[in-house]
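Source file work.txt; content: compact mmCIF, C-alpha atoms and all ligand atoms.
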# COMPACT_ATOMS: atom_id res chain seq x y z
CA MET A 1 -74.68 67.92 -3.67
CA GLU A 2 -72.93 69.75 -6.54
CA PRO A 3 -69.48 71.14 -5.66
CA VAL A 4 -69.48 74.92 -5.33
CA VAL A 5 -67.30 76.38 -8.10
CA SER A 6 -65.59 79.50 -6.85
CA SER A 7 -65.48 82.39 -9.26
CA ARG A 8 -62.14 83.49 -7.78
CA ARG A 9 -59.13 82.89 -9.95
CA PRO A 10 -56.51 80.41 -8.71
CA LYS A 11 -53.79 82.22 -6.84
CA LEU A 12 -50.42 81.69 -5.28
CA TRP A 13 -49.38 83.39 -2.08
CA ILE A 14 -47.56 86.73 -2.03
CA PRO A 15 -46.14 87.53 1.41
CA ARG A 16 -46.42 91.04 2.81
CA HIS A 17 -43.07 90.83 4.64
CA ILE A 18 -39.82 89.03 3.80
CA LEU A 19 -37.02 88.48 6.31
CA VAL A 20 -33.64 87.15 5.17
CA THR A 21 -31.22 85.85 7.78
CA ARG A 22 -27.56 86.81 7.56
CA SER A 23 -26.39 83.30 6.57
CA ALA A 24 -29.20 82.87 4.04
CA ALA A 25 -28.24 86.10 2.28
CA GLU A 26 -25.06 84.39 1.02
CA HIS A 27 -26.83 81.59 -0.88
CA PRO A 28 -27.62 81.81 -4.62
CA HIS A 29 -31.21 80.60 -4.14
CA THR A 30 -31.87 83.68 -2.00
CA ARG A 31 -31.24 85.86 -5.07
CA GLU A 32 -33.90 83.87 -6.94
CA VAL A 33 -36.37 84.31 -4.06
CA LEU A 34 -35.76 88.05 -3.83
CA ALA A 35 -36.03 88.52 -7.60
CA ARG A 36 -39.36 86.65 -7.60
CA ALA A 37 -40.58 88.65 -4.58
CA GLU A 38 -39.72 91.93 -6.25
CA ARG A 39 -41.50 90.87 -9.45
CA ALA A 40 -44.53 89.98 -7.32
CA GLY A 41 -44.50 93.49 -5.84
CA VAL A 42 -43.23 92.75 -2.30
CA THR A 43 -41.62 95.90 -0.95
CA ASP A 44 -41.08 95.07 2.74
CA ILE A 45 -37.83 93.05 2.55
CA THR A 46 -35.45 93.05 5.52
CA ILE A 47 -31.95 91.56 5.58
CA LEU A 48 -31.37 90.64 9.23
CA ARG A 49 -28.04 91.18 10.94
CA SER A 50 -28.08 87.73 12.51
CA ASP A 51 -29.66 84.31 11.98
CA ARG A 52 -32.33 84.93 14.59
CA ILE A 53 -35.74 85.73 13.15
CA SER A 54 -37.06 88.86 14.79
CA GLY A 55 -39.80 91.37 14.23
CA LEU A 56 -42.72 88.98 14.74
CA SER A 57 -43.60 89.68 18.35
CA GLY A 58 -45.86 92.40 19.70
CA GLY A 59 -49.63 92.72 19.85
CA ASP A 60 -52.16 90.08 20.83
CA GLU A 61 -52.23 86.46 19.69
CA ARG A 62 -54.38 87.26 16.65
CA THR A 63 -52.02 90.02 15.48
CA ALA A 64 -49.00 87.75 15.93
CA TYR A 65 -50.75 84.95 13.99
CA ASN A 66 -51.70 87.28 11.12
CA ARG A 67 -48.24 88.80 10.88
CA ALA A 68 -46.56 85.36 10.93
CA LYS A 69 -48.89 84.04 8.22
CA ALA A 70 -48.06 87.06 6.04
CA THR A 71 -44.29 86.62 6.44
CA LEU A 72 -41.76 84.61 4.46
CA ALA A 73 -38.39 84.05 6.11
CA VAL A 74 -35.46 82.98 3.97
CA VAL A 75 -33.21 80.85 6.20
CA VAL A 76 -30.55 78.15 6.00
CA SER A 77 -32.05 74.74 6.80
CA PRO A 78 -31.20 73.23 10.20
CA PRO A 79 -28.82 70.22 10.02
CA SER A 80 -31.79 67.97 10.96
CA ALA A 81 -33.51 68.86 7.66
CA ARG A 82 -30.55 67.54 5.71
CA LYS A 83 -30.56 64.18 7.50
CA LEU A 84 -33.56 62.65 5.72
CA GLN A 85 -36.14 60.62 7.65
CA PRO A 86 -38.51 57.90 6.37
CA ILE A 87 -42.06 59.16 6.00
CA ALA A 88 -44.57 56.30 5.94
CA PRO A 89 -46.86 55.68 4.19
CA SER A 90 -46.09 58.32 1.55
CA ALA A 91 -42.41 57.96 0.73
CA ASP A 92 -39.04 56.47 1.54
CA TRP A 93 -37.67 59.85 2.58
CA ARG A 94 -38.90 63.28 3.57
CA ILE A 95 -37.11 66.15 1.82
CA ASP A 96 -37.91 69.64 3.08
CA LEU A 97 -37.66 72.66 0.78
CA ALA A 98 -39.48 74.88 3.28
CA ARG A 99 -41.29 74.69 6.61
CA GLY A 100 -44.65 76.34 7.26
CA CYS A 101 -47.56 77.31 5.04
CA PRO A 102 -49.49 80.55 4.55
CA ALA A 103 -52.94 78.91 4.16
CA HIS A 104 -55.40 78.73 7.07
CA CYS A 105 -56.74 75.17 7.20
CA GLN A 106 -58.51 74.72 10.50
CA TYR A 107 -57.37 71.10 10.82
CA CYS A 108 -53.79 71.75 9.67
CA TYR A 109 -51.53 68.87 10.65
CA LEU A 110 -48.58 71.30 10.96
CA ALA A 111 -50.16 72.80 14.08
CA GLY A 112 -48.97 69.92 16.23
CA SER A 113 -45.54 69.52 14.68
CA LEU A 114 -44.13 73.03 14.23
CA SER A 115 -43.56 75.25 17.22
CA GLY A 116 -43.77 79.03 17.50
CA PRO A 117 -45.62 81.54 15.31
CA PRO A 118 -46.80 80.03 12.00
CA ILE A 119 -44.27 81.78 9.77
CA THR A 120 -43.19 80.18 6.48
CA ARG A 121 -39.46 79.53 6.22
CA VAL A 122 -37.99 78.75 2.82
CA TYR A 123 -34.57 77.14 2.69
CA ALA A 124 -31.85 79.16 0.97
CA ASP A 125 -29.42 76.21 0.78
CA LEU A 126 -31.60 74.48 -1.79
CA ASP A 127 -28.63 73.32 -3.91
CA GLU A 128 -27.11 71.45 -0.95
CA ILE A 129 -30.49 69.96 0.02
CA LEU A 130 -31.04 68.59 -3.50
CA ALA A 131 -27.45 67.38 -3.81
CA GLY A 132 -28.08 65.38 -0.61
CA MET A 133 -30.61 63.12 -2.39
CA ASP A 134 -27.85 61.02 -3.99
CA ALA A 135 -26.86 59.49 -0.66
CA TYR A 136 -30.37 58.04 -0.18
CA VAL A 137 -31.02 56.53 -3.62
CA GLY A 138 -31.59 52.79 -3.32
CA ARG A 139 -31.89 52.94 0.49
CA GLY A 140 -35.64 53.30 0.95
CA THR A 141 -37.55 51.33 3.57
CA VAL A 142 -41.12 52.53 2.95
CA THR A 143 -42.33 52.50 -0.67
CA SER A 144 -39.21 50.70 -1.92
CA ALA A 145 -39.98 47.85 0.47
CA ASP A 146 -43.59 47.60 -0.75
CA ALA A 147 -43.94 45.20 -3.70
CA ALA A 148 -46.83 47.22 -5.15
CA ARG A 149 -44.90 50.50 -5.06
CA SER A 150 -41.24 49.57 -5.54
CA GLY A 151 -41.54 50.49 -9.25
CA GLU A 152 -41.68 54.17 -8.21
CA GLY A 153 -37.96 54.06 -7.34
CA THR A 154 -36.64 55.71 -4.20
CA THR A 155 -39.32 58.22 -3.25
CA PHE A 156 -38.78 61.69 -1.76
CA GLU A 157 -41.76 63.57 -0.27
CA ALA A 158 -41.45 67.37 -0.41
CA SER A 159 -44.73 68.41 1.20
CA CYS A 160 -44.54 67.11 4.77
CA TYR A 161 -44.02 70.54 6.29
CA THR A 162 -45.27 72.94 3.65
CA ASP A 163 -47.40 73.34 0.55
CA PRO A 164 -44.58 73.76 -1.97
CA LEU A 165 -46.80 74.99 -4.82
CA GLY A 166 -48.62 77.49 -2.58
CA ILE A 167 -45.36 79.37 -1.95
CA GLU A 168 -43.84 78.78 -5.39
CA LEU A 169 -44.51 82.22 -6.86
CA VAL A 170 -41.98 83.73 -4.45
CA THR A 171 -39.66 80.75 -3.87
CA GLY A 172 -39.12 78.88 -7.13
CA SER A 173 -37.98 75.95 -4.97
CA LEU A 174 -40.44 73.43 -6.38
CA ALA A 175 -39.49 74.21 -9.99
CA ALA A 176 -35.81 73.87 -9.07
CA ALA A 177 -36.45 70.54 -7.32
CA ILE A 178 -38.52 69.16 -10.22
CA THR A 179 -35.81 70.19 -12.70
CA TYR A 180 -33.10 68.64 -10.55
CA ALA A 181 -35.05 65.40 -10.08
CA GLY A 182 -35.74 65.26 -13.82
CA THR A 183 -32.22 65.96 -15.07
CA HIS A 184 -29.72 64.79 -12.44
CA ASP A 185 -27.94 61.50 -13.09
CA PHE A 186 -29.04 59.43 -10.07
CA ALA A 187 -27.63 55.99 -9.28
CA GLY A 188 -31.11 54.45 -9.59
CA PRO A 189 -34.74 55.35 -10.26
CA ILE A 190 -36.26 58.04 -8.06
CA GLN A 191 -39.54 59.88 -7.63
CA LEU A 192 -40.02 63.33 -6.15
CA ARG A 193 -43.47 63.76 -4.60
CA ALA A 194 -45.44 66.86 -3.65
CA THR A 195 -49.05 67.50 -2.71
CA THR A 196 -50.86 70.83 -2.87
CA LYS A 197 -54.08 72.70 -2.26
CA PHE A 198 -53.27 75.19 -5.02
CA GLY A 199 -53.96 75.09 -8.74
CA LEU A 200 -51.79 77.64 -10.53
CA VAL A 201 -49.31 75.31 -12.21
CA ASP A 202 -48.16 77.51 -15.13
CA GLY A 203 -44.56 77.61 -13.84
CA LEU A 204 -44.33 73.80 -13.77
CA VAL A 205 -45.76 72.83 -17.14
CA ASP A 206 -42.64 73.22 -19.30
CA LEU A 207 -40.07 71.91 -16.83
CA PRO A 208 -37.88 68.90 -17.77
CA HIS A 209 -39.63 66.69 -15.19
CA ASN A 210 -38.83 63.47 -17.09
CA GLY A 211 -41.77 61.76 -15.39
CA ARG A 212 -39.86 61.72 -12.10
CA THR A 213 -42.15 64.02 -10.11
CA ARG A 214 -45.64 63.03 -9.04
CA ILE A 215 -47.76 66.03 -8.01
CA ARG A 216 -50.95 65.28 -6.11
CA ALA A 217 -53.87 67.59 -5.50
CA SER A 218 -55.05 67.55 -1.90
CA VAL A 219 -58.82 67.51 -2.29
CA ASN A 220 -61.91 67.13 -0.19
CA ALA A 221 -65.70 67.17 -0.11
CA ASP A 222 -67.18 70.62 -0.50
CA GLY A 223 -68.47 70.55 3.09
CA VAL A 224 -64.86 70.24 4.31
CA ALA A 225 -62.92 72.28 1.73
CA GLY A 226 -65.48 75.10 1.68
CA ARG A 227 -65.60 75.44 5.47
CA PHE A 228 -62.17 74.65 6.80
CA GLU A 229 -59.56 75.47 4.13
CA GLY A 230 -59.07 79.25 4.23
CA GLY A 231 -56.43 80.75 1.96
CA ALA A 232 -56.23 77.73 -0.37
CA ASP A 233 -57.61 77.45 -3.92
CA SER A 234 -61.06 75.97 -4.53
CA VAL A 235 -61.13 72.22 -5.26
CA PRO A 236 -62.19 72.78 -8.90
CA HIS A 237 -59.11 74.97 -9.38
CA ARG A 238 -56.87 72.33 -7.80
CA LEU A 239 -58.33 69.68 -10.11
CA ALA A 240 -57.94 71.93 -13.15
CA GLY A 241 -54.26 72.42 -12.25
CA LEU A 242 -53.82 68.67 -11.86
CA GLY A 243 -55.39 68.10 -15.29
CA THR A 244 -52.94 70.59 -16.81
CA LEU A 245 -50.00 68.75 -15.23
CA ALA A 246 -51.31 65.37 -16.42
CA ARG A 247 -51.52 66.75 -19.96
CA ALA A 248 -47.91 67.93 -19.58
CA GLY A 249 -46.89 64.31 -18.93
CA TYR A 250 -46.54 64.42 -15.15
CA PRO A 251 -47.69 61.40 -13.18
CA VAL A 252 -50.29 62.86 -10.81
CA GLY A 253 -52.40 61.87 -7.83
CA LEU A 254 -55.26 62.70 -5.51
CA THR A 255 -54.62 63.02 -1.81
CA ILE A 256 -58.13 62.83 -0.36
CA ALA A 257 -57.57 64.33 3.05
CA PRO A 258 -58.64 64.73 5.70
CA ILE A 259 -61.65 62.50 5.09
CA MET A 260 -64.53 63.36 7.46
CA PRO A 261 -67.91 61.62 7.74
CA ILE A 262 -69.81 64.93 7.61
CA ASP A 263 -73.56 65.02 6.85
CA GLY A 264 -74.11 63.74 3.31
CA TRP A 265 -70.51 62.49 3.02
CA ARG A 266 -71.32 59.76 0.50
CA GLU A 267 -72.95 62.21 -1.91
CA GLN A 268 -70.27 64.83 -1.40
CA TYR A 269 -67.33 62.48 -1.91
CA THR A 270 -69.12 60.95 -4.93
CA ALA A 271 -69.32 64.46 -6.44
CA LEU A 272 -65.62 64.96 -5.70
CA LEU A 273 -64.57 61.72 -7.41
CA ALA A 274 -66.79 62.50 -10.40
CA ALA A 275 -65.23 65.98 -10.67
CA ALA A 276 -61.74 64.46 -10.53
CA ALA A 277 -62.61 61.97 -13.28
CA ALA A 278 -63.95 64.82 -15.44
CA ALA A 279 -60.82 66.97 -14.91
CA LEU A 280 -58.24 64.32 -15.86
CA PRO A 281 -57.41 62.85 -19.29
CA ALA A 282 -58.33 59.18 -19.65
CA ASP A 283 -54.71 58.00 -19.91
CA THR A 284 -53.49 59.81 -16.77
CA ASP A 285 -50.95 57.99 -14.58
CA LEU A 286 -53.04 58.51 -11.45
CA THR A 287 -52.71 57.41 -7.83
CA VAL A 288 -55.08 57.88 -4.89
CA GLU A 289 -54.13 58.30 -1.23
CA CYS A 290 -56.78 58.46 1.49
CA ILE A 291 -56.13 59.99 4.90
CA THR A 292 -58.87 60.22 7.53
CA HIS A 293 -59.06 63.14 9.94
CA ARG A 294 -57.08 62.80 13.13
CA PHE A 295 -55.69 65.12 15.78
CA THR A 296 -53.45 65.05 18.83
CA PRO A 297 -53.95 66.80 22.18
CA GLY A 298 -51.20 69.26 21.12
CA SER A 299 -52.62 70.03 17.67
CA LYS A 300 -56.13 70.45 19.13
CA ASP A 301 -54.84 73.06 21.62
CA VAL A 302 -52.94 75.00 18.95
CA LEU A 303 -55.78 74.87 16.42
CA GLU A 304 -58.37 75.97 18.98
CA SER A 305 -56.17 78.93 19.88
CA TRP A 306 -55.70 79.89 16.20
CA TYR A 307 -59.34 79.27 15.21
CA PRO A 308 -61.40 79.78 18.40
CA ASN A 309 -64.74 79.72 16.53
CA THR A 310 -64.02 76.61 14.50
CA LYS A 311 -66.85 74.16 13.91
CA LEU A 312 -64.36 71.37 13.26
CA GLU A 313 -65.17 68.29 15.34
CA MET A 314 -62.19 67.53 17.62
CA ASP A 315 -63.98 65.71 20.44
CA PRO A 316 -61.77 63.02 22.05
CA GLU A 317 -64.94 61.33 23.39
CA ARG A 318 -66.08 60.58 19.83
CA ARG A 319 -62.73 59.11 18.80
CA SER A 320 -60.52 56.09 19.34
CA ARG A 321 -57.03 56.52 20.64
CA LYS A 322 -54.11 55.33 18.58
CA PHE A 323 -50.60 55.23 20.02
CA GLY A 324 -47.51 56.08 17.97
CA LYS A 325 -44.02 54.57 18.19
CA PHE A 326 -43.01 56.74 21.13
CA GLY A 327 -46.33 56.49 22.99
CA ALA A 328 -47.82 59.73 21.60
CA VAL A 329 -51.61 59.59 21.30
CA LYS A 330 -53.65 60.41 18.19
CA TYR A 331 -57.43 60.61 18.06
CA VAL A 332 -58.86 58.77 15.05
CA TYR A 333 -62.37 57.67 14.06
CA PRO A 334 -63.65 54.55 15.87
CA ALA A 335 -63.07 51.19 14.15
CA THR A 336 -66.66 50.72 12.89
CA GLU A 337 -66.80 54.17 11.32
CA MET A 338 -63.32 53.71 9.86
CA LYS A 339 -64.30 50.36 8.34
CA GLU A 340 -67.41 51.81 6.75
CA LEU A 341 -65.49 54.76 5.28
CA ARG A 342 -62.71 52.57 4.01
CA SER A 343 -64.88 50.06 2.21
CA TRP A 344 -66.99 52.86 0.71
CA PHE A 345 -63.89 54.67 -0.64
CA ASN A 346 -62.39 51.44 -2.02
CA GLU A 347 -65.51 50.86 -4.05
CA ALA A 348 -66.19 54.47 -5.04
CA VAL A 349 -62.61 55.09 -6.23
CA ALA A 350 -62.71 51.88 -8.31
CA ASP A 351 -66.06 52.98 -9.81
CA HIS A 352 -65.14 56.56 -10.69
CA LEU A 353 -61.41 56.28 -11.36
CA PRO A 354 -60.99 52.68 -12.56
CA SER A 355 -57.43 53.13 -13.82
CA ALA A 356 -56.14 54.80 -10.62
CA ARG A 357 -53.77 52.97 -8.29
CA PHE A 358 -54.94 53.10 -4.67
CA LEU A 359 -51.75 53.65 -2.67
CA TYR A 360 -52.90 53.58 0.95
CA TRP A 361 -55.64 54.24 3.46
CA THR A 362 -54.85 55.66 6.85
S1 LIG B 401 -52.49 73.84 2.84
FE1 LIG B 401 -51.75 72.08 4.07
S2 LIG B 401 -49.96 72.85 5.19
FE2 LIG B 401 -51.11 74.64 4.43
S3 LIG B 401 -52.48 75.24 6.14
FE3 LIG B 401 -53.62 73.85 4.78
S4 LIG B 401 -53.29 71.78 5.69
FE4 LIG B 401 -51.73 73.16 6.55

Could you render the structure as structure tokens?
Ligand code: SF4
Amino acid sequence: MEPVVSSRRPKLWIPRHILVTRSAAEHPHTREVLARAERAGVTDITILRSDRISGLSGGDERTAYNRAKATLAVVVSPPSARKLQPIAPSADWRIDLARGCPAHCQYCYLAGSLSGPPITRVYADLDEILAGMDAYVGRGTVTSADAARSGEGTTFEASCYTDPLGIELVTGSLAAAITYAGTHDFAGPIQLRATTKFGLVDGLVDLPHNGRTRIRASVNADGVAGRFEGGADSVPHRLAGLGTLARAGYPVGLTIAPIMPIDGWREQYTALLAAAAAALPADTDLTVECITHRFTPGSKDVLESWYPNTKLEMDPERRSRKFGKFGAVKYVYPATEMKELRSWFNEAVADHLPSARFLYWT
């Protein structure tokens, strides 16, 4: 099946409401956010008198969801965000520039990990967050400990809890992080990592990235992206953005996720890989990461309340159970299905993108 090319232009999110907490108002990055928001035409900006985010309650669940998804809060990061955690298999450390995402993916992995209304919070203390990277250089236990990936240096993943490019028009946090990673004098090699479902990369092209940031496009078969990824750019736009970044000298990647064995999956994922090959210059420094669809009892409950009419398959009876470090259960595809998918992707990626490095399958 041919991928459906949307005629819509690629876009970045513009919130309808902005809330700034009292402590956040004092940080220089907040001025940058507010200047960007004003340029983007946001008029509903409230400086709160305390650090408690208010003004989101009222109305039914749908109204609360819609208001939260249309709101950007500028806050100071909690102390836990500044104590970096390993994030296998992607990176040595997770670095959060924001928490929450305005898109509406019906399988969103954030549903199970963030509590409360799905508001996007951008961190005002960006300078302190970036300055904190120094203490972790040379201390990685995930990619640094992997012989095949140790050449990447100490890796920092910036998209665990947000889509940093999706909110970039009004935050500028990703550009600041790329510039910092590219120009700061670190004690050893590092790589900043970010993945996105957006394609408007104009603000990133001329940054002094110094090859130290790898941006990946999160992509999927048309039968998944077209049905379940509301509010994100079309896959062709994401790939076009990735091609632009590759031509600007960035190392780039594909995050194929979440992989689902939908009807016609072989044909659809073949079309996706062919489209990726066509969008990227031949000498691109390209990696591929493959993540199969999974859910938890908690994420299923939240997603079914946000998207009550979803056609997304989240049937525990059709899945195998996988237990995490602390006994939490995840529902993944059964071993036979997983094996078939994995061996197909290994071969298909090698066929269509022969110079890509396959980083992991999960
Ligand atoms: S783009 Fe990513 S973080 Fe945002 S809603 Fe979709 S899956 Fe969630």

Once you count all atoms listed in the file, what closest atom pair and distance in Å to one decimal does each residue of chain A within 10 Å of ligand LIG 401 (chain B) have, with rows by chain and rising residue number, as JSON lines?
{"residue": "A:Lys69", "atom": "CA", "partner": "B:LIG401", "partner_atom": "S3", "distance": 9.7}
{"residue": "A:Arg99", "atom": "CA", "partner": "B:LIG401", "partner_atom": "S2", "distance": 9.0}
{"residue": "A:Gly100", "atom": "CA", "partner": "B:LIG401", "partner_atom": "S2", "distance": 6.7}
{"residue": "A:Cys101", "atom": "CA", "partner": "B:LIG401", "partner_atom": "FE2", "distance": 4.5}
{"residue": "A:Pro102", "atom": "CA", "partner": "B:LIG401", "partner_atom": "FE2", "distance": 6.1}
{"residue": "A:Ala103", "atom": "CA", "partner": "B:LIG401", "partner_atom": "S3", "distance": 4.2}
{"residue": "A:His104", "atom": "CA", "partner": "B:LIG401", "partner_atom": "S3", "distance": 4.6}
{"residue": "A:Cys105", "atom": "CA", "partner": "B:LIG401", "partner_atom": "FE3", "distance": 4.2}
{"residue": "A:Gln106", "atom": "CA", "partner": "B:LIG401", "partner_atom": "S3", "distance": 7.5}
{"residue": "A:Tyr107", "atom": "CA", "partner": "B:LIG401", "partner_atom": "S4", "distance": 6.6}
{"residue": "A:Cys108", "atom": "CA", "partner": "B:LIG401", "partner_atom": "FE4", "distance": 4.0}
{"residue": "A:Tyr109", "atom": "CA", "partner": "B:LIG401", "partner_atom": "FE4", "distance": 5.9}
{"residue": "A:Leu110", "atom": "CA", "partner": "B:LIG401", "partner_atom": "FE4", "distance": 5.7}
{"residue": "A:Ala111", "atom": "CA", "partner": "B:LIG401", "partner_atom": "FE4", "distance": 7.7}
{"residue": "A:Pro118", "atom": "CA", "partner": "B:LIG401", "partner_atom": "S3", "distance": 9.5}
{"residue": "A:Thr120", "atom": "CA", "partner": "B:LIG401", "partner_atom": "FE2", "distance": 9.9}
{"residue": "A:Ser159", "atom": "CA", "partner": "B:LIG401", "partner_atom": "S2", "distance": 7.9}
{"residue": "A:Cys160", "atom": "CA", "partner": "B:LIG401", "partner_atom": "S2", "distance": 7.9}
{"residue": "A:Tyr161", "atom": "CA", "partner": "B:LIG401", "partner_atom": "S2", "distance": 6.5}
{"residue": "A:Thr162", "atom": "CA", "partner": "B:LIG401", "partner_atom": "S2", "distance": 4.9}
{"residue": "A:Asp163", "atom": "CA", "partner": "B:LIG401", "partner_atom": "S2", "distance": 5.3}
{"residue": "A:Pro164", "atom": "CA", "partner": "B:LIG401", "partner_atom": "S2", "distance": 9.0}
{"residue": "A:Leu165", "atom": "CA", "partner": "B:LIG401", "partner_atom": "S1", "distance": 9.6}
{"residue": "A:Gly166", "atom": "CA", "partner": "B:LIG401", "partner_atom": "S1", "distance": 7.6}
{"residue": "A:Ile167", "atom": "CA", "partner": "B:LIG401", "partner_atom": "FE2", "distance": 9.8}
{"residue": "A:Thr195", "atom": "CA", "partner": "B:LIG401", "partner_atom": "FE1", "distance": 8.6}
{"residue": "A:Thr196", "atom": "CA", "partner": "B:LIG401", "partner_atom": "S1", "distance": 6.7}
{"residue": "A:Lys197", "atom": "CA", "partner": "B:LIG401", "partner_atom": "S1", "distance": 5.5}
{"residue": "A:Phe198", "atom": "CA", "partner": "B:LIG401", "partner_atom": "S1", "distance": 8.0}
{"residue": "A:Ser218", "atom": "CA", "partner": "B:LIG401", "partner_atom": "FE1", "distance": 8.2}
{"residue": "A:Ala225", "atom": "CA", "partner": "B:LIG401", "partner_atom": "FE3", "distance": 9.9}
{"residue": "A:Phe228", "atom": "CA", "partner": "B:LIG401", "partner_atom": "FE3", "distance": 8.8}
{"residue": "A:Glu229", "atom": "CA", "partner": "B:LIG401", "partner_atom": "FE3", "distance": 6.2}
{"residue": "A:Gly230", "atom": "CA", "partner": "B:LIG401", "partner_atom": "FE3", "distance": 7.7}
{"residue": "A:Gly231", "atom": "CA", "partner": "B:LIG401", "partner_atom": "S3", "distance": 8.0}
{"residue": "A:Ala232", "atom": "CA", "partner": "B:LIG401", "partner_atom": "S1", "distance": 6.3}
{"residue": "A:Asp233", "atom": "CA", "partner": "B:LIG401", "partner_atom": "S1", "distance": 9.2}
{"residue": "A:Ala257", "atom": "CA", "partner": "B:LIG401", "partner_atom": "S4", "distance": 9.0}
{"residue": "A:Pro258", "atom": "CA", "partner": "B:LIG401", "partner_atom": "S4", "distance": 8.9}

Selection to disk with C-alpha atoms, as a PDB file, keeping the file's coordinate frame:
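Saved the output as result_39.pdb:
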ATOM      1  CA  LYS A  69     -48.890  84.040   8.220  1.00  0.00           C
ATOM      2  CA  ARG A  99     -41.290  74.690   6.610  1.00  0.00           C
ATOM      3  CA  GLY A 100     -44.650  76.340   7.260  1.00  0.00           C
ATOM      4  CA  CYS A 101     -47.560  77.310   5.040  1.00  0.00           C
ATOM      5  CA  PRO A 102     -49.490  80.550   4.550  1.00  0.00           C
ATOM      6  CA  ALA A 103     -52.940  78.910   4.160  1.00  0.00           C
ATOM      7  CA  HIS A 104     -55.400  78.730   7.070  1.00  0.00           C
ATOM      8  CA  CYS A 105     -56.740  75.170   7.200  1.00  0.00           C
ATOM      9  CA  GLN A 106     -58.510  74.720  10.500  1.00  0.00           C
ATOM     10  CA  TYR A 107     -57.370  71.100  10.820  1.00  0.00           C
ATOM     11  CA  CYS A 108     -53.790  71.750   9.670  1.00  0.00           C
ATOM     12  CA  TYR A 109     -51.530  68.870  10.650  1.00  0.00           C
ATOM     13  CA  LEU A 110     -48.580  71.300  10.960  1.00  0.00           C
ATOM     14  CA  ALA A 111     -50.160  72.800  14.080  1.00  0.00           C
ATOM     15  CA  PRO A 118     -46.800  80.030  12.000  1.00  0.00           C
ATOM     16  CA  THR A 120     -43.190  80.180   6.480  1.00  0.00           C
ATOM     17  CA  SER A 159     -44.730  68.410   1.200  1.00  0.00           C
ATOM     18  CA  CYS A 160     -44.540  67.110   4.770  1.00  0.00           C
ATOM     19  CA  TYR A 161     -44.020  70.540   6.290  1.00  0.00           C
ATOM     20  CA  THR A 162     -45.270  72.940   3.650  1.00  0.00           C
ATOM     21  CA  ASP A 163     -47.400  73.340   0.550  1.00  0.00           C
ATOM     22  CA  PRO A 164     -44.580  73.760  -1.970  1.00  0.00           C
ATOM     23  CA  LEU A 165     -46.800  74.990  -4.820  1.00  0.00           C
ATOM     24  CA  GLY A 166     -48.620  77.490  -2.580  1.00  0.00           C
ATOM     25  CA  ILE A 167     -45.360  79.370  -1.950  1.00  0.00           C
ATOM     26  CA  THR A 195     -49.050  67.500  -2.710  1.00  0.00           C
ATOM     27  CA  THR A 196     -50.860  70.830  -2.870  1.00  0.00           C
ATOM     28  CA  LYS A 197     -54.080  72.700  -2.260  1.00  0.00           C
ATOM     29  CA  PHE A 198     -53.270  75.190  -5.020  1.00  0.00           C
ATOM     30  CA  SER A 218     -55.050  67.550  -1.900  1.00  0.00           C
ATOM     31  CA  ALA A 225     -62.920  72.280   1.730  1.00  0.00           C
ATOM     32  CA  PHE A 228     -62.170  74.650   6.800  1.00  0.00           C
ATOM     33  CA  GLU A 229     -59.560  75.470   4.130  1.00  0.00           C
ATOM     34  CA  GLY A 230     -59.070  79.250   4.230  1.00  0.00           C
ATOM     35  CA  GLY A 231     -56.430  80.750   1.960  1.00  0.00           C
ATOM     36  CA  ALA A 232     -56.230  77.730  -0.370  1.00  0.00           C
ATOM     37  CA  ASP A 233     -57.610  77.450  -3.920  1.00  0.00           C
ATOM     38  CA  ALA A 257     -57.570  64.330   3.050  1.00  0.00           C
ATOM     39  CA  PRO A 258     -58.640  64.730   5.700  1.00  0.00           C
TER      40      PRO A 258
END

Requested in this report: Tell me which protein, DNA and RNA residues are within 12 Å of Arg149 in chain A, counting all atoms listed in the file, leaving out same-chain ones fewer than 4 positions away, and put them as number ranges by chain.
Outcome: A: 89-92, 140-145, 153-155, 190-191, 287, 357-360

With C-alpha atoms retained, export the selected residues as a CSV table (one decimal), in the coordinates of the input.
chain,number,residue,atom,x,y,z
A,89,PRO,CA,-46.9,55.7,4.2
A,90,SER,CA,-46.1,58.3,1.6
A,91,ALA,CA,-42.4,58.0,0.7
A,92,ASP,CA,-39.0,56.5,1.5
A,140,GLY,CA,-35.6,53.3,1.0
A,141,THR,CA,-37.6,51.3,3.6
A,142,VAL,CA,-41.1,52.5,3.0
A,143,THR,CA,-42.3,52.5,-0.7
A,144,SER,CA,-39.2,50.7,-1.9
A,145,ALA,CA,-40.0,47.8,0.5
A,153,GLY,CA,-38.0,54.1,-7.3
A,154,THR,CA,-36.6,55.7,-4.2
A,155,THR,CA,-39.3,58.2,-3.2
A,190,ILE,CA,-36.3,58.0,-8.1
A,191,GLN,CA,-39.5,59.9,-7.6
A,287,THR,CA,-52.7,57.4,-7.8
A,357,ARG,CA,-53.8,53.0,-8.3
A,358,PHE,CA,-54.9,53.1,-4.7
A,359,LEU,CA,-51.8,53.6,-2.7
A,360,TYR,CA,-52.9,53.6,1.0

**Report entry** Near-range 72-77 of chain A list (6 Å; all atoms listed in the file; drop same-chain fewer than 2 positions) as a list in words
**Finding:** Ile18, Leu19, Val20, Thr21, Ala24, Thr120, Arg121, Val122, Tyr123, Ala124 and Asp125 of chain A

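Rounded to one decimal, CA of Pro251 in chain A and CA of Arg216 in chain A lie 8.7 Å from each other.
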
For range 196-249 of chain A against range 267-272 of chain A, with a cut-off of 9 Å and counting all atoms listed in the file, what is the closest atom pair and its distance in Å to one decimal for every residue that makes the cut, ordered by chain and number, as JSON lines?
{"residue": "A:Val219", "atom": "CA", "partner": "A:Leu272", "partner_atom": "CA", "distance": 8.0}
{"residue": "A:Asn220", "atom": "CA", "partner": "A:Leu272", "partner_atom": "CA", "distance": 7.0}
{"residue": "A:Ala221", "atom": "CA", "partner": "A:Tyr269", "partner_atom": "CA", "distance": 5.3}
{"residue": "A:Asp222", "atom": "CA", "partner": "A:Gln268", "partner_atom": "CA", "distance": 6.6}
{"residue": "A:Gly223", "atom": "CA", "partner": "A:Gln268", "partner_atom": "CA", "distance": 7.5}
{"residue": "A:Val235", "atom": "CA", "partner": "A:Leu272", "partner_atom": "CA", "distance": 8.5}
